[in-house]
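Structure data follow from my_file_4.txt (compact mmCIF, N, CA and C atoms):
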```txt
# COMPACT_ATOMS: atom_id res chain seq x y z
N GLN A 1 60.85 -49.71 -59.39
CA GLN A 1 59.63 -48.93 -59.24
C GLN A 1 58.59 -49.39 -60.27
N VAL A 2 57.37 -49.54 -59.83
CA VAL A 2 56.28 -49.95 -60.71
C VAL A 2 55.16 -48.93 -60.57
N GLN A 3 54.67 -48.45 -61.68
CA GLN A 3 53.51 -47.56 -61.68
C GLN A 3 52.33 -48.31 -62.30
N LEU A 4 51.16 -48.15 -61.70
CA LEU A 4 49.99 -48.90 -62.12
C LEU A 4 48.85 -47.95 -62.46
N VAL A 5 48.17 -48.24 -63.56
CA VAL A 5 47.04 -47.43 -63.99
C VAL A 5 45.87 -48.35 -64.33
N GLU A 6 44.77 -48.17 -63.62
CA GLU A 6 43.58 -48.97 -63.86
C GLU A 6 42.66 -48.29 -64.87
N SER A 7 41.89 -49.11 -65.56
CA SER A 7 40.87 -48.59 -66.48
C SER A 7 39.78 -49.65 -66.62
N GLY A 8 38.67 -49.25 -67.23
CA GLY A 8 37.60 -50.19 -67.50
C GLY A 8 36.41 -50.12 -66.58
N GLY A 9 36.48 -49.27 -65.57
CA GLY A 9 35.35 -49.13 -64.67
C GLY A 9 34.20 -48.41 -65.35
N GLY A 10 33.05 -48.41 -64.67
CA GLY A 10 31.90 -47.71 -65.23
C GLY A 10 30.63 -48.12 -64.53
N LEU A 11 29.51 -47.78 -65.16
CA LEU A 11 28.18 -48.09 -64.64
C LEU A 11 27.60 -49.26 -65.42
N VAL A 12 27.10 -50.26 -64.70
CA VAL A 12 26.52 -51.43 -65.35
C VAL A 12 25.32 -51.90 -64.54
N GLN A 13 24.38 -52.51 -65.20
CA GLN A 13 23.22 -53.04 -64.50
C GLN A 13 23.55 -54.38 -63.84
N ALA A 14 22.81 -54.68 -62.81
CA ALA A 14 22.98 -55.97 -62.14
C ALA A 14 22.85 -57.11 -63.14
N GLY A 15 23.74 -58.08 -63.02
CA GLY A 15 23.78 -59.20 -63.95
C GLY A 15 24.72 -58.98 -65.11
N GLY A 16 25.20 -57.76 -65.26
CA GLY A 16 26.10 -57.43 -66.36
C GLY A 16 27.55 -57.76 -66.07
N SER A 17 28.40 -57.36 -67.00
CA SER A 17 29.83 -57.67 -66.90
C SER A 17 30.66 -56.43 -67.18
N LEU A 18 31.85 -56.43 -66.60
CA LEU A 18 32.86 -55.43 -66.89
C LEU A 18 34.22 -56.11 -66.88
N ARG A 19 35.15 -55.53 -67.60
CA ARG A 19 36.52 -56.02 -67.56
C ARG A 19 37.44 -54.87 -67.19
N LEU A 20 38.10 -55.02 -66.07
CA LEU A 20 39.05 -54.02 -65.62
C LEU A 20 40.45 -54.38 -66.11
N SER A 21 41.20 -53.34 -66.41
CA SER A 21 42.57 -53.54 -66.87
C SER A 21 43.51 -52.73 -65.99
N CYS A 22 44.66 -53.28 -65.73
CA CYS A 22 45.69 -52.60 -64.96
C CYS A 22 46.99 -52.67 -65.77
N GLU A 23 47.43 -51.53 -66.21
CA GLU A 23 48.67 -51.49 -66.99
C GLU A 23 49.81 -51.02 -66.11
N GLY A 24 50.87 -51.78 -66.12
CA GLY A 24 52.01 -51.46 -65.29
C GLY A 24 53.20 -50.99 -66.10
N SER A 25 53.99 -50.14 -65.51
CA SER A 25 55.23 -49.70 -66.14
C SER A 25 56.39 -50.13 -65.28
N GLY A 26 57.52 -50.31 -65.89
CA GLY A 26 58.67 -50.75 -65.14
C GLY A 26 59.17 -52.09 -65.65
N ARG A 27 60.46 -52.25 -65.64
CA ARG A 27 61.06 -53.44 -66.23
C ARG A 27 60.76 -54.69 -65.44
N THR A 28 60.35 -54.56 -64.17
CA THR A 28 60.16 -55.74 -63.33
C THR A 28 58.72 -56.21 -63.28
N PHE A 29 57.84 -55.66 -64.08
CA PHE A 29 56.42 -55.98 -63.96
C PHE A 29 56.17 -57.48 -64.02
N SER A 30 56.84 -58.17 -64.91
CA SER A 30 56.59 -59.60 -65.09
C SER A 30 57.04 -60.42 -63.89
N SER A 31 57.78 -59.85 -62.97
CA SER A 31 58.22 -60.58 -61.79
C SER A 31 57.45 -60.18 -60.54
N ASN A 32 56.37 -59.44 -60.72
CA ASN A 32 55.55 -59.00 -59.59
C ASN A 32 54.30 -59.84 -59.44
N ALA A 33 54.05 -60.33 -58.23
CA ALA A 33 52.72 -60.86 -57.93
C ALA A 33 51.76 -59.68 -57.89
N MET A 34 50.55 -59.89 -58.33
CA MET A 34 49.59 -58.79 -58.46
C MET A 34 48.29 -59.11 -57.74
N GLY A 35 47.56 -58.07 -57.41
CA GLY A 35 46.27 -58.26 -56.78
C GLY A 35 45.29 -57.18 -57.16
N TRP A 36 44.02 -57.51 -57.02
CA TRP A 36 42.95 -56.53 -57.13
C TRP A 36 42.26 -56.42 -55.78
N PHE A 37 41.99 -55.19 -55.38
CA PHE A 37 41.26 -54.90 -54.15
C PHE A 37 40.11 -53.96 -54.50
N ARG A 38 39.19 -53.80 -53.57
CA ARG A 38 38.12 -52.85 -53.77
C ARG A 38 37.74 -52.21 -52.44
N GLN A 39 37.18 -51.01 -52.56
CA GLN A 39 36.76 -50.28 -51.37
C GLN A 39 35.45 -49.60 -51.65
N ALA A 40 34.44 -50.01 -50.91
CA ALA A 40 33.12 -49.40 -51.01
C ALA A 40 33.04 -48.24 -50.02
N PRO A 41 32.14 -47.28 -50.24
CA PRO A 41 32.02 -46.14 -49.33
C PRO A 41 31.78 -46.59 -47.89
N GLY A 42 32.57 -46.05 -46.99
CA GLY A 42 32.39 -46.36 -45.58
C GLY A 42 32.93 -47.71 -45.15
N LYS A 43 33.58 -48.41 -46.06
CA LYS A 43 34.10 -49.74 -45.73
C LYS A 43 35.61 -49.79 -45.94
N GLU A 44 36.23 -50.78 -45.35
CA GLU A 44 37.66 -50.97 -45.51
C GLU A 44 37.96 -51.58 -46.87
N ARG A 45 39.19 -51.35 -47.33
CA ARG A 45 39.61 -51.94 -48.59
C ARG A 45 39.71 -53.46 -48.40
N GLU A 46 39.17 -54.19 -49.36
CA GLU A 46 39.15 -55.64 -49.23
C GLU A 46 39.73 -56.32 -50.47
N PHE A 47 40.28 -57.50 -50.22
CA PHE A 47 40.88 -58.30 -51.26
C PHE A 47 39.81 -58.84 -52.20
N VAL A 48 40.15 -58.86 -53.50
CA VAL A 48 39.26 -59.42 -54.50
C VAL A 48 39.90 -60.64 -55.16
N ALA A 49 41.11 -60.45 -55.71
CA ALA A 49 41.78 -61.55 -56.42
C ALA A 49 43.28 -61.29 -56.47
N GLY A 50 44.05 -62.38 -56.57
CA GLY A 50 45.50 -62.27 -56.68
C GLY A 50 46.03 -63.25 -57.70
N ILE A 51 47.25 -62.97 -58.21
CA ILE A 51 47.85 -63.82 -59.23
C ILE A 51 49.36 -63.74 -59.11
N ILE A 52 50.02 -64.89 -59.28
CA ILE A 52 51.48 -64.88 -59.19
C ILE A 52 52.08 -64.38 -60.50
N TRP A 53 53.40 -64.23 -60.51
CA TRP A 53 54.08 -63.60 -61.63
C TRP A 53 53.80 -64.28 -62.97
N SER A 54 53.66 -65.60 -62.97
CA SER A 54 53.48 -66.34 -64.22
C SER A 54 52.02 -66.47 -64.62
N GLY A 55 51.12 -66.16 -63.71
CA GLY A 55 49.70 -66.37 -63.97
C GLY A 55 49.24 -67.78 -63.64
N GLY A 56 50.16 -68.62 -63.19
CA GLY A 56 49.83 -70.01 -62.98
C GLY A 56 49.01 -70.31 -61.74
N ILE A 57 49.02 -69.39 -60.80
CA ILE A 57 48.24 -69.57 -59.56
C ILE A 57 47.44 -68.31 -59.30
N THR A 58 46.18 -68.51 -59.01
CA THR A 58 45.30 -67.39 -58.71
C THR A 58 44.56 -67.67 -57.40
N GLN A 59 44.07 -66.60 -56.81
CA GLN A 59 43.31 -66.72 -55.56
C GLN A 59 42.19 -65.70 -55.58
N TYR A 60 41.06 -66.06 -54.98
CA TYR A 60 39.89 -65.18 -55.01
C TYR A 60 39.25 -65.08 -53.64
N ALA A 61 38.63 -63.94 -53.40
CA ALA A 61 37.77 -63.80 -52.24
C ALA A 61 36.53 -64.66 -52.46
N ASP A 62 35.99 -65.18 -51.38
CA ASP A 62 34.82 -66.05 -51.49
C ASP A 62 33.66 -65.33 -52.18
N SER A 63 33.56 -64.04 -51.96
CA SER A 63 32.43 -63.28 -52.48
C SER A 63 32.44 -63.16 -54.01
N VAL A 64 33.58 -63.43 -54.64
CA VAL A 64 33.66 -63.27 -56.09
C VAL A 64 33.99 -64.57 -56.82
N LYS A 65 34.25 -65.63 -56.09
CA LYS A 65 34.58 -66.91 -56.72
C LYS A 65 33.48 -67.35 -57.67
N GLY A 66 33.89 -67.79 -58.85
CA GLY A 66 32.93 -68.23 -59.85
C GLY A 66 32.37 -67.11 -60.70
N ARG A 67 32.61 -65.86 -60.30
CA ARG A 67 32.09 -64.72 -61.07
C ARG A 67 33.22 -63.88 -61.66
N PHE A 68 34.32 -63.75 -60.94
CA PHE A 68 35.44 -62.93 -61.38
C PHE A 68 36.61 -63.81 -61.79
N THR A 69 37.37 -63.33 -62.77
CA THR A 69 38.57 -64.05 -63.21
C THR A 69 39.71 -63.06 -63.37
N ILE A 70 40.82 -63.36 -62.72
CA ILE A 70 42.02 -62.55 -62.85
C ILE A 70 42.98 -63.24 -63.81
N SER A 71 43.64 -62.44 -64.64
CA SER A 71 44.61 -62.98 -65.58
C SER A 71 45.65 -61.91 -65.85
N ARG A 72 46.73 -62.31 -66.52
CA ARG A 72 47.77 -61.33 -66.83
C ARG A 72 48.43 -61.65 -68.15
N ASP A 73 48.92 -60.60 -68.77
CA ASP A 73 49.69 -60.72 -70.01
C ASP A 73 50.98 -59.94 -69.79
N ASN A 74 52.03 -60.66 -69.43
CA ASN A 74 53.28 -59.98 -69.10
C ASN A 74 53.91 -59.30 -70.30
N ALA A 75 53.64 -59.80 -71.48
CA ALA A 75 54.17 -59.15 -72.68
C ALA A 75 53.59 -57.75 -72.86
N LYS A 76 52.39 -57.56 -72.33
CA LYS A 76 51.73 -56.26 -72.44
C LYS A 76 51.72 -55.52 -71.11
N ASN A 77 52.40 -56.07 -70.10
CA ASN A 77 52.42 -55.44 -68.76
C ASN A 77 51.01 -55.15 -68.25
N THR A 78 50.14 -56.13 -68.40
CA THR A 78 48.73 -55.91 -68.08
C THR A 78 48.18 -57.02 -67.21
N VAL A 79 47.36 -56.64 -66.25
CA VAL A 79 46.59 -57.57 -65.45
C VAL A 79 45.12 -57.24 -65.63
N LEU A 80 44.32 -58.25 -65.87
CA LEU A 80 42.90 -58.06 -66.14
C LEU A 80 42.05 -58.64 -65.01
N LEU A 81 40.88 -58.06 -64.84
CA LEU A 81 39.88 -58.62 -63.94
C LEU A 81 38.56 -58.66 -64.69
N GLN A 82 38.17 -59.85 -65.11
CA GLN A 82 36.89 -60.03 -65.77
C GLN A 82 35.82 -60.25 -64.70
N MET A 83 34.81 -59.41 -64.71
CA MET A 83 33.77 -59.47 -63.68
C MET A 83 32.44 -59.76 -64.34
N ASN A 84 31.84 -60.88 -63.98
CA ASN A 84 30.55 -61.29 -64.52
C ASN A 84 29.51 -61.37 -63.41
N SER A 85 28.26 -61.42 -63.82
CA SER A 85 27.14 -61.55 -62.86
C SER A 85 27.26 -60.53 -61.73
N LEU A 86 27.49 -59.31 -62.10
CA LEU A 86 27.70 -58.25 -61.11
C LEU A 86 26.43 -57.96 -60.33
N THR A 87 26.61 -57.62 -59.07
CA THR A 87 25.51 -57.25 -58.19
C THR A 87 25.80 -55.86 -57.60
N PRO A 88 24.78 -55.20 -57.05
CA PRO A 88 25.04 -53.89 -56.43
C PRO A 88 26.09 -53.96 -55.32
N GLU A 89 26.25 -55.12 -54.71
CA GLU A 89 27.26 -55.28 -53.64
C GLU A 89 28.68 -55.22 -54.18
N ASP A 90 28.85 -55.30 -55.49
CA ASP A 90 30.17 -55.18 -56.10
C ASP A 90 30.56 -53.72 -56.35
N THR A 91 29.66 -52.81 -56.09
CA THR A 91 29.95 -51.38 -56.28
C THR A 91 31.08 -50.94 -55.36
N ALA A 92 32.12 -50.38 -55.94
CA ALA A 92 33.29 -49.96 -55.17
C ALA A 92 34.30 -49.32 -56.10
N VAL A 93 35.31 -48.72 -55.51
CA VAL A 93 36.49 -48.34 -56.27
C VAL A 93 37.43 -49.55 -56.27
N TYR A 94 37.87 -49.94 -57.45
CA TYR A 94 38.72 -51.11 -57.60
C TYR A 94 40.17 -50.67 -57.83
N TYR A 95 41.06 -51.28 -57.05
CA TYR A 95 42.48 -50.93 -57.09
C TYR A 95 43.32 -52.12 -57.54
N CYS A 96 44.30 -51.82 -58.34
CA CYS A 96 45.30 -52.79 -58.72
C CYS A 96 46.52 -52.58 -57.83
N ALA A 97 47.18 -53.67 -57.44
CA ALA A 97 48.34 -53.57 -56.57
C ALA A 97 49.39 -54.59 -56.97
N ALA A 98 50.65 -54.26 -56.68
CA ALA A 98 51.75 -55.14 -57.04
C ALA A 98 52.67 -55.37 -55.86
N LYS A 99 53.16 -56.59 -55.76
CA LYS A 99 54.17 -56.90 -54.78
C LYS A 99 55.53 -56.85 -55.45
N ARG A 100 56.57 -56.59 -54.68
CA ARG A 100 57.92 -56.63 -55.25
C ARG A 100 58.31 -58.05 -55.60
N ARG A 101 57.77 -59.03 -54.89
CA ARG A 101 58.17 -60.42 -55.14
C ARG A 101 57.20 -61.10 -56.09
N PRO A 102 57.66 -62.20 -56.74
CA PRO A 102 56.85 -62.86 -57.77
C PRO A 102 55.73 -63.74 -57.24
N PHE A 103 55.87 -64.23 -56.01
CA PHE A 103 54.84 -65.11 -55.47
C PHE A 103 55.03 -65.19 -53.95
N GLY A 104 54.12 -65.89 -53.29
CA GLY A 104 54.25 -66.11 -51.86
C GLY A 104 53.55 -65.06 -51.03
N GLY A 105 53.53 -65.30 -49.74
CA GLY A 105 52.85 -64.42 -48.82
C GLY A 105 51.36 -64.66 -48.83
N THR A 106 50.66 -63.70 -48.31
CA THR A 106 49.20 -63.79 -48.22
C THR A 106 48.59 -62.79 -49.19
N TYR A 107 47.90 -63.27 -50.21
CA TYR A 107 47.38 -62.37 -51.23
C TYR A 107 46.35 -61.40 -50.68
N ALA A 108 45.63 -61.81 -49.66
CA ALA A 108 44.58 -60.97 -49.11
C ALA A 108 45.09 -59.87 -48.20
N ASN A 109 46.37 -59.90 -47.86
CA ASN A 109 46.93 -58.91 -46.94
C ASN A 109 47.43 -57.70 -47.72
N LEU A 110 46.71 -56.62 -47.64
CA LEU A 110 47.06 -55.45 -48.46
C LEU A 110 48.39 -54.85 -48.02
N ASP A 111 48.82 -55.11 -46.79
CA ASP A 111 50.10 -54.56 -46.32
C ASP A 111 51.29 -55.20 -47.04
N GLU A 112 51.06 -56.32 -47.73
CA GLU A 112 52.15 -56.98 -48.44
C GLU A 112 52.35 -56.43 -49.84
N TYR A 113 51.54 -55.49 -50.23
CA TYR A 113 51.66 -54.91 -51.58
C TYR A 113 52.44 -53.61 -51.50
N ASP A 114 53.32 -53.44 -52.47
CA ASP A 114 54.25 -52.31 -52.44
C ASP A 114 53.84 -51.15 -53.36
N TYR A 115 53.05 -51.45 -54.37
CA TYR A 115 52.65 -50.42 -55.32
C TYR A 115 51.14 -50.50 -55.54
N TRP A 116 50.53 -49.32 -55.70
CA TRP A 116 49.08 -49.24 -55.87
C TRP A 116 48.74 -48.28 -57.01
N GLY A 117 47.65 -48.61 -57.70
CA GLY A 117 47.12 -47.68 -58.67
C GLY A 117 46.16 -46.70 -58.00
N GLN A 118 45.61 -45.81 -58.80
CA GLN A 118 44.72 -44.77 -58.28
C GLN A 118 43.28 -45.26 -58.15
N GLY A 119 42.96 -46.36 -58.78
CA GLY A 119 41.62 -46.90 -58.65
C GLY A 119 40.70 -46.53 -59.80
N THR A 120 39.69 -47.37 -60.02
CA THR A 120 38.67 -47.12 -61.02
C THR A 120 37.32 -47.46 -60.42
N GLN A 121 36.33 -46.58 -60.65
CA GLN A 121 35.02 -46.75 -60.03
C GLN A 121 34.18 -47.76 -60.80
N VAL A 122 33.59 -48.69 -60.06
CA VAL A 122 32.62 -49.62 -60.62
C VAL A 122 31.31 -49.43 -59.87
N THR A 123 30.25 -49.15 -60.62
CA THR A 123 28.93 -48.95 -60.03
C THR A 123 27.96 -49.90 -60.69
N VAL A 124 27.29 -50.69 -59.86
CA VAL A 124 26.32 -51.66 -60.36
C VAL A 124 24.94 -51.24 -59.87
N SER A 125 24.05 -50.98 -60.80
CA SER A 125 22.71 -50.55 -60.45
C SER A 125 21.77 -51.76 -60.36
N ALA A 126 20.79 -51.62 -59.48
CA ALA A 126 19.85 -52.74 -59.26
C ALA A 126 18.85 -52.87 -60.41
```
As structure tokens, the full file:
Amino acid sequence: QVQLVESGGGLVQAGGSLRLSCEGSGRTFSSNAMGWFRQAPGKEREFVAGIIWSGGITQYADSVKGRFTISRDNAKNTVLLQMNSLTPEDTAVYYCAAKRRPFGGTYANLDEYDYWGQGTQVTVSA
């Protein structure tokens, strides 16, 4: 069992930066592939970024490539999402998710994730 808690959301002006953190509990955290998703009002939850258990491979949605960076520190049971050059279109609730397996599958497929956090709100003003 893995429990996930996100933090770091808030209000920021367009062009600004935020860093989201996802802290996981459970002995298997370091063997979980992880992902970040987001959901804007009235829209479906969408993939943002994914990372394998070691941090050696990452994947990003086209909309955030070059602006967002996902990383992890298994010693601290933490996955980070550094978000730069934010735009109002990035406004959403951001969710951290974990797979039971360390790698593989399709990172953008939310059905492949077994554990979810409660989400943290990110609001970008124009």
Show me as JSON, numbers by chain the residues that reach within 5 Å of (36.3, -46.4, -57.3), counting all atoms listed in the file and using the file's own coordinates.
{"A": [92, 93, 94, 120, 121, 122]}
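The space separating atom N of Cys96 (chain A) from atom N of Ala33 (chain A) comes to 12.9 Å.
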Using all atoms listed in the file for the distances, tell me which of A:Thr58, A:Ser125, A:Thr91, A:Thr78 is nearest to Gln39 (chain A).
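Going through A:Thr58, A:Ser125, A:Thr91, A:Thr78 one by one, the smallest distance to Gln39 (chain A) is for A:Thr91.
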Shortest contact to Leu20 (chain A), candidates A:Thr87, A:Gln82, A:Ser63, A:Asn74, atoms counted all atoms listed in the file, goes to A:Gln82
Point-to-point distance from CA of Ser21 (chain A) to CA of Phe47 (chain A), Å rounded to tenths
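It comes out at 16.4 Å.
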Close residues, region 69-72 of chain A itself excluded, 10 Å, only C-alpha atoms, min 5 positions apart in chain, as a PDB file with N, CA and C atoms, keeping the file's coordinate frame:
```
ATOM      1  N   ARG A  19      35.150 -55.530 -67.600  1.00  0.00           N
ATOM      2  CA  ARG A  19      36.520 -56.020 -67.560  1.00  0.00           C
ATOM      3  C   ARG A  19      37.440 -54.870 -67.190  1.00  0.00           C
ATOM      4  N   LEU A  20      38.100 -55.020 -66.070  1.00  0.00           N
ATOM      5  CA  LEU A  20      39.050 -54.020 -65.620  1.00  0.00           C
ATOM      6  C   LEU A  20      40.450 -54.380 -66.110  1.00  0.00           C
ATOM      7  N   SER A  21      41.200 -53.340 -66.410  1.00  0.00           N
ATOM      8  CA  SER A  21      42.570 -53.540 -66.870  1.00  0.00           C
ATOM      9  C   SER A  21      43.510 -52.730 -65.990  1.00  0.00           C
ATOM     10  N   CYS A  22      44.660 -53.280 -65.730  1.00  0.00           N
ATOM     11  CA  CYS A  22      45.690 -52.600 -64.960  1.00  0.00           C
ATOM     12  C   CYS A  22      46.990 -52.670 -65.770  1.00  0.00           C
ATOM     13  N   GLU A  23      47.430 -51.530 -66.210  1.00  0.00           N
ATOM     14  CA  GLU A  23      48.670 -51.490 -66.990  1.00  0.00           C
ATOM     15  C   GLU A  23      49.810 -51.020 -66.110  1.00  0.00           C
ATOM     16  N   SER A  30      56.840 -58.170 -64.910  1.00  0.00           N
ATOM     17  CA  SER A  30      56.590 -59.600 -65.090  1.00  0.00           C
ATOM     18  C   SER A  30      57.040 -60.420 -63.890  1.00  0.00           C
ATOM     19  N   MET A  34      50.550 -59.890 -58.330  1.00  0.00           N
ATOM     20  CA  MET A  34      49.590 -58.790 -58.460  1.00  0.00           C
ATOM     21  C   MET A  34      48.290 -59.110 -57.740  1.00  0.00           C
ATOM     22  N   GLY A  35      47.560 -58.070 -57.410  1.00  0.00           N
ATOM     23  CA  GLY A  35      46.270 -58.260 -56.780  1.00  0.00           C
ATOM     24  C   GLY A  35      45.290 -57.180 -57.160  1.00  0.00           C
ATOM     25  N   TRP A  36      44.020 -57.510 -57.020  1.00  0.00           N
ATOM     26  CA  TRP A  36      42.950 -56.530 -57.130  1.00  0.00           C
ATOM     27  C   TRP A  36      42.260 -56.420 -55.780  1.00  0.00           C
ATOM     28  N   VAL A  48      40.150 -58.860 -53.500  1.00  0.00           N
ATOM     29  CA  VAL A  48      39.260 -59.420 -54.500  1.00  0.00           C
ATOM     30  C   VAL A  48      39.900 -60.640 -55.160  1.00  0.00           C
ATOM     31  N   ALA A  49      41.110 -60.450 -55.710  1.00  0.00           N
ATOM     32  CA  ALA A  49      41.780 -61.550 -56.420  1.00  0.00           C
ATOM     33  C   ALA A  49      43.280 -61.290 -56.470  1.00  0.00           C
ATOM     34  N   GLY A  50      44.050 -62.380 -56.570  1.00  0.00           N
ATOM     35  CA  GLY A  50      45.500 -62.270 -56.680  1.00  0.00           C
ATOM     36  C   GLY A  50      46.030 -63.250 -57.700  1.00  0.00           C
ATOM     37  N   ILE A  51      47.250 -62.970 -58.210  1.00  0.00           N
ATOM     38  CA  ILE A  51      47.850 -63.820 -59.230  1.00  0.00           C
ATOM     39  C   ILE A  51      49.360 -63.740 -59.110  1.00  0.00           C
ATOM     40  N   ILE A  52      50.020 -64.890 -59.280  1.00  0.00           N
ATOM     41  CA  ILE A  52      51.480 -64.880 -59.190  1.00  0.00           C
ATOM     42  C   ILE A  52      52.080 -64.380 -60.500  1.00  0.00           C
ATOM     43  N   TRP A  53      53.400 -64.230 -60.510  1.00  0.00           N
ATOM     44  CA  TRP A  53      54.080 -63.600 -61.630  1.00  0.00           C
ATOM     45  C   TRP A  53      53.800 -64.280 -62.970  1.00  0.00           C
ATOM     46  N   SER A  54      53.660 -65.600 -62.970  1.00  0.00           N
ATOM     47  CA  SER A  54      53.480 -66.340 -64.220  1.00  0.00           C
ATOM     48  C   SER A  54      52.020 -66.470 -64.620  1.00  0.00           C
ATOM     49  N   GLY A  55      51.120 -66.160 -63.710  1.00  0.00           N
ATOM     50  CA  GLY A  55      49.700 -66.370 -63.970  1.00  0.00           C
ATOM     51  C   GLY A  55      49.240 -67.780 -63.640  1.00  0.00           C
ATOM     52  N   GLY A  56      50.160 -68.620 -63.190  1.00  0.00           N
ATOM     53  CA  GLY A  56      49.830 -70.010 -62.980  1.00  0.00           C
ATOM     54  C   GLY A  56      49.010 -70.310 -61.740  1.00  0.00           C
ATOM     55  N   ILE A  57      49.020 -69.390 -60.800  1.00  0.00           N
ATOM     56  CA  ILE A  57      48.240 -69.570 -59.560  1.00  0.00           C
ATOM     57  C   ILE A  57      47.440 -68.310 -59.300  1.00  0.00           C
ATOM     58  N   THR A  58      46.180 -68.510 -59.010  1.00  0.00           N
ATOM     59  CA  THR A  58      45.300 -67.390 -58.710  1.00  0.00           C
ATOM     60  C   THR A  58      44.560 -67.670 -57.400  1.00  0.00           C
ATOM     61  N   GLN A  59      44.070 -66.600 -56.810  1.00  0.00           N
ATOM     62  CA  GLN A  59      43.310 -66.720 -55.560  1.00  0.00           C
ATOM     63  C   GLN A  59      42.190 -65.700 -55.580  1.00  0.00           C
ATOM     64  N   TYR A  60      41.060 -66.060 -54.980  1.00  0.00           N
ATOM     65  CA  TYR A  60      39.890 -65.180 -55.010  1.00  0.00           C
ATOM     66  C   TYR A  60      39.250 -65.080 -53.640  1.00  0.00           C
ATOM     67  N   VAL A  64      33.580 -63.430 -54.640  1.00  0.00           N
ATOM     68  CA  VAL A  64      33.660 -63.270 -56.090  1.00  0.00           C
ATOM     69  C   VAL A  64      33.990 -64.570 -56.820  1.00  0.00           C
ATOM     70  N   ASN A  77      52.400 -56.070 -70.100  1.00  0.00           N
ATOM     71  CA  ASN A  77      52.420 -55.440 -68.760  1.00  0.00           C
ATOM     72  C   ASN A  77      51.010 -55.150 -68.250  1.00  0.00           C
ATOM     73  N   THR A  78      50.140 -56.130 -68.400  1.00  0.00           N
ATOM     74  CA  THR A  78      48.730 -55.910 -68.080  1.00  0.00           C
ATOM     75  C   THR A  78      48.180 -57.020 -67.210  1.00  0.00           C
ATOM     76  N   VAL A  79      47.360 -56.640 -66.250  1.00  0.00           N
ATOM     77  CA  VAL A  79      46.590 -57.570 -65.450  1.00  0.00           C
ATOM     78  C   VAL A  79      45.120 -57.240 -65.630  1.00  0.00           C
ATOM     79  N   LEU A  80      44.320 -58.250 -65.870  1.00  0.00           N
ATOM     80  CA  LEU A  80      42.900 -58.060 -66.140  1.00  0.00           C
ATOM     81  C   LEU A  80      42.050 -58.640 -65.010  1.00  0.00           C
ATOM     82  N   LEU A  81      40.880 -58.060 -64.840  1.00  0.00           N
ATOM     83  CA  LEU A  81      39.880 -58.620 -63.940  1.00  0.00           C
ATOM     84  C   LEU A  81      38.560 -58.660 -64.690  1.00  0.00           C
ATOM     85  N   GLN A  82      38.170 -59.850 -65.110  1.00  0.00           N
ATOM     86  CA  GLN A  82      36.890 -60.030 -65.770  1.00  0.00           C
ATOM     87  C   GLN A  82      35.820 -60.250 -64.700  1.00  0.00           C
ATOM     88  N   MET A  83      34.810 -59.410 -64.710  1.00  0.00           N
ATOM     89  CA  MET A  83      33.770 -59.470 -63.680  1.00  0.00           C
ATOM     90  C   MET A  83      32.440 -59.760 -64.340  1.00  0.00           C
ATOM     91  N   ASN A  84      31.840 -60.880 -63.980  1.00  0.00           N
ATOM     92  CA  ASN A  84      30.550 -61.290 -64.520  1.00  0.00           C
ATOM     93  C   ASN A  84      29.510 -61.370 -63.410  1.00  0.00           C
TER      94      ASN A  84
END
```
Give me, please, the distance in Å between CA of Tyr107 (chain A) and CA of Leu11 (chain A), quoted to one decimal.
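We find that CA of Tyr107 (chain A) and CA of Leu11 (chain A) lie 27.4 Å from each other.
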Could you go through chain A and tell me which residues DSSP, when run on the backbone, assigns to strand (DSSP E or B), listing them as a PyMOL selection string?
chain A and resi 3-7+10-13+18-25+34-39+46-51+58-60+68-73+78-83+92-98+115-116+120-125
Using only C-alpha atoms, the residue out of A:Val12, A:Ser31, A:Ser85, A:Gln118 with shortest distance to Arg100 (chain A) is A:Ser31
Restricting the calculation to all atoms listed in the file, which member of A:Gly42, A:Leu86, A:Gln13, A:Gly26 is positioned closest to Gln1 (chain A)?
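The closest residue to Gln1 (chain A) is A:Gly26.
Nearest residue to Arg27 (chain A) among A:Ala126, A:Gln3, A:Pro41, A:Gly8 is A:Gln3, counting all atoms listed in the file.
The closest residue to Ala40 (chain A), picked from A:Asp90, A:Asp62, A:Glu6, A:Asp73 and counting only C-alpha atoms, is A:Asp90.
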